[in-house]
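Text of entry.txt, listed as compact mmCIF, C-alpha atoms:
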# COMPACT_ATOMS: atom_id res chain seq x y z
CA MET A 588 97.16 84.23 99.59
CA SER A 589 97.77 86.55 102.48
CA PRO A 590 99.56 89.86 101.92
CA ALA A 591 102.12 88.75 104.50
CA GLY A 592 103.12 85.61 102.58
CA PRO A 593 106.69 84.82 101.56
CA ASP A 594 107.54 88.50 101.16
CA ARG A 595 106.88 88.95 104.85
CA GLY A 596 104.43 91.75 104.15
CA THR A 597 104.85 95.39 105.06
CA ARG A 598 106.40 96.73 108.19
CA THR A 599 103.31 97.21 110.29
CA SER A 600 102.26 98.43 113.67
CA PRO A 601 99.02 97.50 115.41
CA ALA A 602 97.50 100.53 113.64
CA GLY A 603 98.46 99.23 110.18
CA PRO A 604 101.23 99.77 107.62
CA ARG A 605 103.94 102.31 108.35
CA PRO A 606 103.05 105.50 106.48
CA ALA A 607 105.46 106.63 103.78
CA ASP A 608 106.79 110.14 103.97
CA ASP A 609 107.68 112.66 101.27
CA ASP A 610 111.43 111.97 101.60
CA GLU A 611 110.91 108.25 101.00
CA ILE A 612 108.73 108.91 97.95
CA ARG A 613 111.27 111.39 96.55
CA GLU A 614 114.09 108.85 97.00
CA LEU A 615 112.11 106.05 95.34
CA ALA A 616 111.18 108.32 92.42
CA ALA A 617 114.82 109.46 92.10
CA GLN A 618 115.92 105.83 91.83
CA GLU A 619 113.62 105.36 88.87
CA GLU A 620 114.88 108.52 87.17
CA ARG A 621 118.49 107.42 87.71
CA LEU A 622 118.21 103.73 86.81
CA VAL A 623 117.43 104.02 83.10
CA LEU A 624 118.87 101.66 80.49
CA ASP A 625 120.14 102.46 77.00
CA THR A 626 119.34 98.97 75.68
CA PHE A 627 117.63 95.86 76.99
CA SER A 628 118.29 92.65 75.09
CA ASN A 629 117.95 89.01 76.07
CA ASP A 630 121.65 89.07 76.93
CA ASP A 631 121.13 92.14 79.14
CA ALA A 632 118.41 90.23 81.01
CA TRP A 633 120.76 87.27 81.46
CA GLN A 634 123.56 89.49 82.79
CA LEU A 635 121.26 91.36 85.18
CA GLY A 636 119.68 88.11 86.33
CA LYS A 637 123.07 86.50 87.00
CA LEU A 638 124.10 89.58 88.99
CA LEU A 639 120.96 89.34 91.12
CA VAL A 640 121.62 85.64 91.75
CA GLU A 641 125.21 86.40 92.80
CA LEU A 642 124.12 89.19 95.17
CA ALA A 643 121.42 86.98 96.71
CA GLN A 644 123.81 84.07 97.16
CA GLU A 645 126.43 86.33 98.79
CA ARG A 646 123.76 87.30 101.35
CA GLY A 647 122.34 83.80 101.76
CA ALA A 648 119.00 85.21 100.61
CA ALA A 649 116.29 82.75 99.60
CA VAL A 650 114.69 84.66 96.74
CA THR A 651 113.07 84.08 93.40
CA ILE A 652 114.10 86.38 90.57
CA GLY A 653 112.13 87.15 87.43
CA ILE A 654 112.90 89.43 84.50
CA ARG A 655 110.38 90.15 81.75
CA ARG A 656 110.39 92.25 78.61
CA GLY A 657 106.78 92.81 77.68
CA ALA A 658 104.98 89.49 77.95
CA GLN A 659 108.15 87.41 77.53
CA GLN A 660 109.94 85.85 80.50
CA LEU A 661 113.66 86.36 79.81
CA PHE A 662 115.12 85.19 83.14
CA HIS A 663 113.87 83.16 86.09
CA CYS A 664 115.72 81.68 89.04
CA ALA A 665 114.32 80.24 92.25
CA LEU A 666 117.04 79.86 94.86
CA PRO A 667 116.85 77.18 97.56
CA GLY A 668 114.33 78.02 100.26
CA THR A 669 111.76 79.55 97.90
CA SER A 670 108.42 78.18 96.78
CA ALA A 671 105.77 78.66 94.12
CA ASP A 672 104.33 81.40 96.36
CA ASN A 673 107.33 83.54 95.43
CA ASP A 674 106.42 83.18 91.75
CA ALA A 675 102.90 84.36 92.57
CA TRP A 676 104.31 87.38 94.43
CA ILE A 677 106.53 88.24 91.46
CA ALA A 678 103.52 88.07 89.13
CA ARG A 679 101.42 90.30 91.41
CA LYS A 680 104.17 92.87 91.99
CA SER A 681 105.08 92.91 88.30
CA ALA A 682 101.43 93.55 87.42
CA VAL A 683 101.61 96.73 89.52
CA VAL A 684 104.70 97.91 87.62
CA GLU A 685 103.03 97.15 84.29
CA ARG A 686 99.89 99.07 85.28
CA TYR A 687 101.50 102.10 86.95
CA ALA A 688 104.92 102.23 85.18
CA GLU A 689 106.54 102.69 88.62
CA SER A 690 108.14 100.30 91.08
CA SER A 691 105.74 98.27 93.17
CA TYR A 692 107.32 99.77 96.29
CA LEU A 693 106.80 103.36 95.10
CA VAL A 694 103.17 102.66 94.23
CA GLY A 695 102.57 101.22 97.70
CA ALA A 696 104.40 104.15 99.32
CA ARG A 697 102.21 106.65 97.47
CA PHE A 698 99.09 104.98 98.91
CA ARG A 699 100.61 104.80 102.41
CA ALA A 700 101.55 108.50 102.25
CA LYS A 701 97.85 109.26 101.82
CA GLY A 702 97.02 107.15 104.88
CA ARG A 703 95.54 104.36 102.75
CA THR A 704 96.56 100.91 101.70
CA PHE A 705 96.84 99.81 98.11
CA GLU A 706 94.70 96.76 98.82
CA GLU A 707 91.82 98.84 100.19
CA SER A 708 92.03 101.85 97.89
CA SER A 709 93.24 100.74 94.46
CA ARG A 710 90.06 98.84 93.58
CA LEU A 711 92.29 96.18 91.99
CA ASP A 712 92.07 92.45 92.66
CA ALA A 713 94.57 91.61 95.44
CA ASP A 714 95.02 88.16 93.88
CA ARG A 715 96.45 89.86 90.75
CA TYR A 716 98.16 93.00 92.11
CA ALA A 717 100.50 93.60 95.08
CA ALA A 718 102.09 96.99 95.73
CA HIS A 719 104.84 95.45 97.85
CA GLY A 720 108.51 96.17 97.21
CA GLY A 721 110.55 94.09 94.83
CA ALA A 722 109.38 94.80 91.27
CA PHE A 723 111.10 97.59 89.37
CA PRO A 724 110.43 98.99 85.89
CA LEU A 725 113.01 98.40 83.18
CA ARG A 726 112.94 101.79 81.52
CA LEU A 727 114.74 102.52 78.24
CA ARG A 728 116.01 106.02 77.64
CA GLY A 729 113.76 107.69 75.06
CA THR A 730 111.29 104.79 75.04
CA GLY A 731 109.81 104.21 78.49
CA VAL A 732 109.05 101.05 80.41
CA VAL A 733 109.74 97.90 78.41
CA GLY A 734 109.87 95.31 81.17
CA VAL A 735 110.13 94.42 84.83
CA VAL A 736 112.79 92.98 87.09
CA ALA A 737 111.39 91.45 90.27
CA VAL A 738 112.55 89.70 93.43
CA SER A 739 110.48 87.91 96.06
CA GLY A 740 111.45 86.32 99.35
CA LEU A 741 112.73 89.07 101.64
CA PRO A 742 110.87 91.82 103.50
CA GLN A 743 109.59 94.21 100.86
CA ALA A 744 112.13 96.98 101.51
CA ASP A 745 114.93 94.43 101.17
CA ASP A 746 113.49 92.96 97.96
CA HIS A 747 113.40 96.49 96.53
CA ALA A 748 116.91 97.33 97.75
CA LEU A 749 118.34 94.16 96.19
CA VAL A 750 116.89 95.05 92.79
CA VAL A 751 118.11 98.65 93.04
CA GLU A 752 121.61 97.55 94.02
CA ALA A 753 121.75 95.11 91.10
CA LEU A 754 120.60 97.75 88.62
CA GLU A 755 123.12 100.26 89.98
CA ARG A 756 125.95 97.73 89.62
CA TYR A 757 124.75 96.63 86.20
CA LEU A 758 124.64 100.20 84.89
CA ALA A 759 128.02 101.05 86.44
CA ALA A 760 129.62 98.05 84.71
CA GLY A 761 128.02 98.85 81.35
Take the structure from the file and write it as structure tokens.
Amino acid sequence: MSPAGPDRGTRTSPAGPRPADDDEIRELAAQEERLVLDTFSNDDAWQLGKLLVELAQERGAAVTIGIRRGAQQLFHCALPGTSADNDAWIARKSAVVERYAESSYLVGARFRAKGRTFEESSRLDADRYAAHGGAFPLRLRGTGVVGVVAVSGLPQADDHALVVEALERYLAAG
């Protein structure tokens, strides 16, 4: 599977991926500090998943959405125009969140800020891990990361932004 599969890869130049800067990393880290849940039940996963589906449909976005708590899949939806490749991307991006306890986009940005790529420098199997945007930690206040919400199908910055917007709306409604 190529890194530029259904997620349309990173924004690259002929010299390679666009480097992340300190402001981008600070903003991504601030999102994770801000988007913390008080509870996360099966019903919470359903509500967040439905919200993501609604946002994607409003935009005409062909995405696959997955929400996990630990090893249990609580929500999955593959909108028209997606394929099994999107499920593989979700699994790979979610594996990064589970390993680093940070969003897949932030992990990739940290590598890019050092002038390296995750694929070349992490020493992790690229068939199992992808530090591309779209997977975000579900963090409980006072507990830590308990799960992952992930989207695949758009350019990585857009996958990440869709998840962040859904979490912001979900928390504001709660």
(request) Find the spatial neighbours of segment 619-633 of chain A, counting all atoms listed in the file, within a cut-off of 8 Å - ignore same-chain residues fewer than 5 positions away - and output them as a list in words. (result) Ile654, Leu661, Phe662, Glu689, Ser690, Pro724, Leu725, Arg726, Leu727, Arg728, Leu754, Glu755 and Leu758 of chain A
Give, as JSON, the centre coordinates and the x, y and z edge lengths in Å to one decimal for an axis-aligned box around all listed atoms of segment 641-654 of chain A, padded by 5 Å on each side.
{"center_x": 119.3, "center_y": 86.1, "center_z": 93.1, "size_x": 24.3, "size_y": 16.7, "size_z": 27.3}
(message) For a quick check of understanding, using all atoms listed in the file, which of A:Arg655, A:Arg756, A:Lys680, A:Arg646 has the smallest distance to Gly720 of chain A?
(response)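 For Gly720 of chain A, the nearest of the given residues is A:Lys680.
Atom to atom, atom CA of Gln634 of chain A and atom CA of Asn673 of chain A stand 21.4 Å apart.
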(request) For atom CA of Ala696 of chain A and atom CA of His719 of chain A, quote the distance in Å rounded to one decimal. (result)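 We find that atom CA of Ala696 of chain A and atom CA of His719 of chain A lie 8.8 Å from each other.
Nearest residue to Ala617 of chain A, choosing from A:Leu639, A:Ala700, A:Gly647, A:Leu693 and counting all atoms listed in the file: A:Leu693.
We find atom CA of Val694 of chain A and atom CA of Ala753 of chain A to be spaced 20.3 Å apart.
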(request) Rank A:His747, A:Gly695, A:Asp609, A:Ser739 by their smallest atom-to-atom distance to Asp672 of chain A, using all atoms listed in the file, and report the top residue only. (result) A:Ser739
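Compared by their closest atoms to Val751 of chain A, and using all atoms listed in the file, the residues A:Glu685, A:Leu711, A:Gly636, A:Gly721 rank with A:Gly721 nearest.
Among the candidates A:Gln659, A:Leu666, A:Ala682, A:Asp610, the one nearest to Glu641 of chain A when counting all atoms listed in the file is A:Leu666.
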So that I can check the surroundings of Asp674 of chain A, please list as a tab-separated table (two decimals) with C-alpha atoms, in the frame of the given file every protein, DNA and RNA residue that reaches within 10 Å of it, counting only C-alpha atoms and ignoring chain neighbours fewer than 4 positions away.
chain	number	residue	atom	x	y	z
A	593	PRO	CA	106.69	84.82	101.56
A	650	VAL	CA	114.69	84.66	96.74
A	651	THR	CA	113.07	84.08	93.40
A	652	ILE	CA	114.10	86.38	90.57
A	653	GLY	CA	112.13	87.15	87.43
A	663	HIS	CA	113.87	83.16	86.09
A	664	CYS	CA	115.72	81.68	89.04
A	665	ALA	CA	114.32	80.24	92.25
A	669	THR	CA	111.76	79.55	97.90
A	670	SER	CA	108.42	78.18	96.78
A	678	ALA	CA	103.52	88.07	89.13
A	679	ARG	CA	101.42	90.30	91.41
A	680	LYS	CA	104.17	92.87	91.99
A	737	ALA	CA	111.39	91.45	90.27
A	738	VAL	CA	112.55	89.70	93.43
A	739	SER	CA	110.48	87.91	96.06
A	740	GLY	CA	111.45	86.32	99.35
(request) Place a sphere of radius 7 Å on (101.6, 90.4, 95.7) in the file coordinates and name every protein, DNA or RNA residue with an atom inside or on its surface, counting all atoms listed in the file; give the answer as a list in words. (result)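 The answer, in the requested form, is Pro590, Ala675, Trp676, Ile677, Arg679, Lys680, Tyr716, Ala717, Ala718 and His719 of chain A.
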(message) My list of candidates is A:Ala616, A:Ala658, A:Leu642, A:Ala722. Which is closest to Asp746 of chain A when distances are computed with all atoms listed in the file?
(response)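 Nearest candidate to Asp746 of chain A out of A:Ala616, A:Ala658, A:Leu642, A:Ala722: A:Ala722.
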With all heavy atoms as the target, complete segment 711-722 of chain A and hand it back as an mmCIF file, in the frame of the given file.
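Output file part.cif is given in full below:
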data_model
loop_
_atom_site.group_PDB
_atom_site.id
_atom_site.type_symbol
_atom_site.label_atom_id
_atom_site.label_comp_id
_atom_site.auth_asym_id
_atom_site.auth_seq_id
_atom_site.Cartn_x
_atom_site.Cartn_y
_atom_site.Cartn_z
ATOM 1 N N LEU A 711 91.757 97.263 92.815
ATOM 2 C CA LEU A 711 92.290 96.180 91.990
ATOM 3 C C LEU A 711 92.251 94.881 92.774
ATOM 4 O O LEU A 711 92.339 94.876 94.002
ATOM 5 C CB LEU A 711 93.716 96.494 91.551
ATOM 6 C CG LEU A 711 93.874 97.719 90.661
ATOM 7 C CD1 LEU A 711 95.340 98.046 90.442
ATOM 8 C CD2 LEU A 711 93.167 97.496 89.325
ATOM 9 N N ASP A 712 92.145 93.784 92.068
ATOM 10 C CA ASP A 712 92.070 92.450 92.660
ATOM 11 C C ASP A 712 93.392 92.115 93.349
ATOM 12 O O ASP A 712 94.438 92.023 92.698
ATOM 13 C CB ASP A 712 91.770 91.452 91.540
ATOM 14 C CG ASP A 712 91.613 90.028 92.009
ATOM 15 O OD1 ASP A 712 91.909 89.728 93.186
ATOM 16 O OD2 ASP A 712 91.192 89.195 91.183
ATOM 17 N N ALA A 713 93.359 91.913 94.663
ATOM 18 C CA ALA A 713 94.570 91.610 95.440
ATOM 19 C C ALA A 713 95.183 90.262 95.043
ATOM 20 O O ALA A 713 96.352 90.018 95.352
ATOM 21 C CB ALA A 713 94.258 91.628 96.930
ATOM 22 N N ASP A 714 94.450 89.418 94.368
ATOM 23 C CA ASP A 714 95.020 88.160 93.880
ATOM 24 C C ASP A 714 95.833 88.381 92.603
ATOM 25 O O ASP A 714 96.570 87.490 92.184
ATOM 26 C CB ASP A 714 93.916 87.133 93.595
ATOM 27 C CG ASP A 714 93.313 86.578 94.872
ATOM 28 O OD1 ASP A 714 93.988 86.608 95.922
ATOM 29 O OD2 ASP A 714 92.159 86.111 94.818
ATOM 30 N N ARG A 715 95.714 89.557 91.989
ATOM 31 C CA ARG A 715 96.450 89.860 90.750
ATOM 32 C C ARG A 715 97.458 90.981 90.904
ATOM 33 O O ARG A 715 98.363 91.098 90.082
ATOM 34 C CB ARG A 715 95.458 90.214 89.648
ATOM 35 C CG ARG A 715 94.576 89.019 89.256
ATOM 36 C CD ARG A 715 93.753 89.265 88.017
ATOM 37 N NE ARG A 715 94.585 89.710 86.915
ATOM 38 C CZ ARG A 715 94.207 90.625 86.024
ATOM 39 N NH1 ARG A 715 93.018 91.175 86.109
ATOM 40 N NH2 ARG A 715 94.996 90.972 85.047
ATOM 41 N N TYR A 716 97.308 91.826 91.929
ATOM 42 C CA TYR A 716 98.160 93.000 92.110
ATOM 43 C C TYR A 716 98.642 93.090 93.560
ATOM 44 O O TYR A 716 97.842 92.942 94.486
ATOM 45 C CB TYR A 716 97.397 94.281 91.786
ATOM 46 C CG TYR A 716 96.953 94.376 90.355
ATOM 47 C CD1 TYR A 716 95.708 93.887 89.956
ATOM 48 C CD2 TYR A 716 97.768 94.962 89.393
ATOM 49 C CE1 TYR A 716 95.295 93.973 88.628
ATOM 50 C CE2 TYR A 716 97.365 95.056 88.074
ATOM 51 C CZ TYR A 716 96.133 94.555 87.706
ATOM 52 O OH TYR A 716 95.735 94.649 86.391
ATOM 53 N N ALA A 717 99.938 93.387 93.736
ATOM 54 C CA ALA A 717 100.500 93.600 95.080
ATOM 55 C C ALA A 717 101.505 94.747 94.999
ATOM 56 O O ALA A 717 102.517 94.639 94.319
ATOM 57 C CB ALA A 717 101.181 92.335 95.584
ATOM 58 N N ALA A 718 101.195 95.825 95.694
ATOM 59 C CA ALA A 718 102.090 96.990 95.730
ATOM 60 C C ALA A 718 103.061 96.833 96.894
ATOM 61 O O ALA A 718 103.137 97.663 97.790
ATOM 62 C CB ALA A 718 101.295 98.281 95.811
ATOM 63 N N HIS A 719 103.799 95.743 96.869
ATOM 64 C CA HIS A 719 104.840 95.450 97.850
ATOM 65 C C HIS A 719 106.174 95.567 97.128
ATOM 66 O O HIS A 719 106.289 95.275 95.946
ATOM 67 C CB HIS A 719 104.679 94.031 98.409
ATOM 68 C CG HIS A 719 103.464 93.863 99.248
ATOM 69 N ND1 HIS A 719 103.530 93.597 100.600
ATOM 70 C CD2 HIS A 719 102.149 93.923 98.951
ATOM 71 C CE1 HIS A 719 102.310 93.502 101.090
ATOM 72 N NE2 HIS A 719 101.455 93.694 100.108
ATOM 73 N N GLY A 720 107.207 95.957 97.825
ATOM 74 C CA GLY A 720 108.510 96.170 97.210
ATOM 75 C C GLY A 720 109.096 94.934 96.567
ATOM 76 O O GLY A 720 108.889 93.819 97.040
ATOM 77 N N GLY A 721 109.827 95.176 95.472
ATOM 78 C CA GLY A 721 110.550 94.090 94.830
ATOM 79 C C GLY A 721 110.434 94.040 93.330
ATOM 80 O O GLY A 721 111.211 93.352 92.685
ATOM 81 N N ALA A 722 109.495 94.752 92.736
ATOM 82 C CA ALA A 722 109.380 94.800 91.270
ATOM 83 C C ALA A 722 109.713 96.210 90.810
ATOM 84 O O ALA A 722 109.207 97.187 91.371
ATOM 85 C CB ALA A 722 107.985 94.397 90.816
#
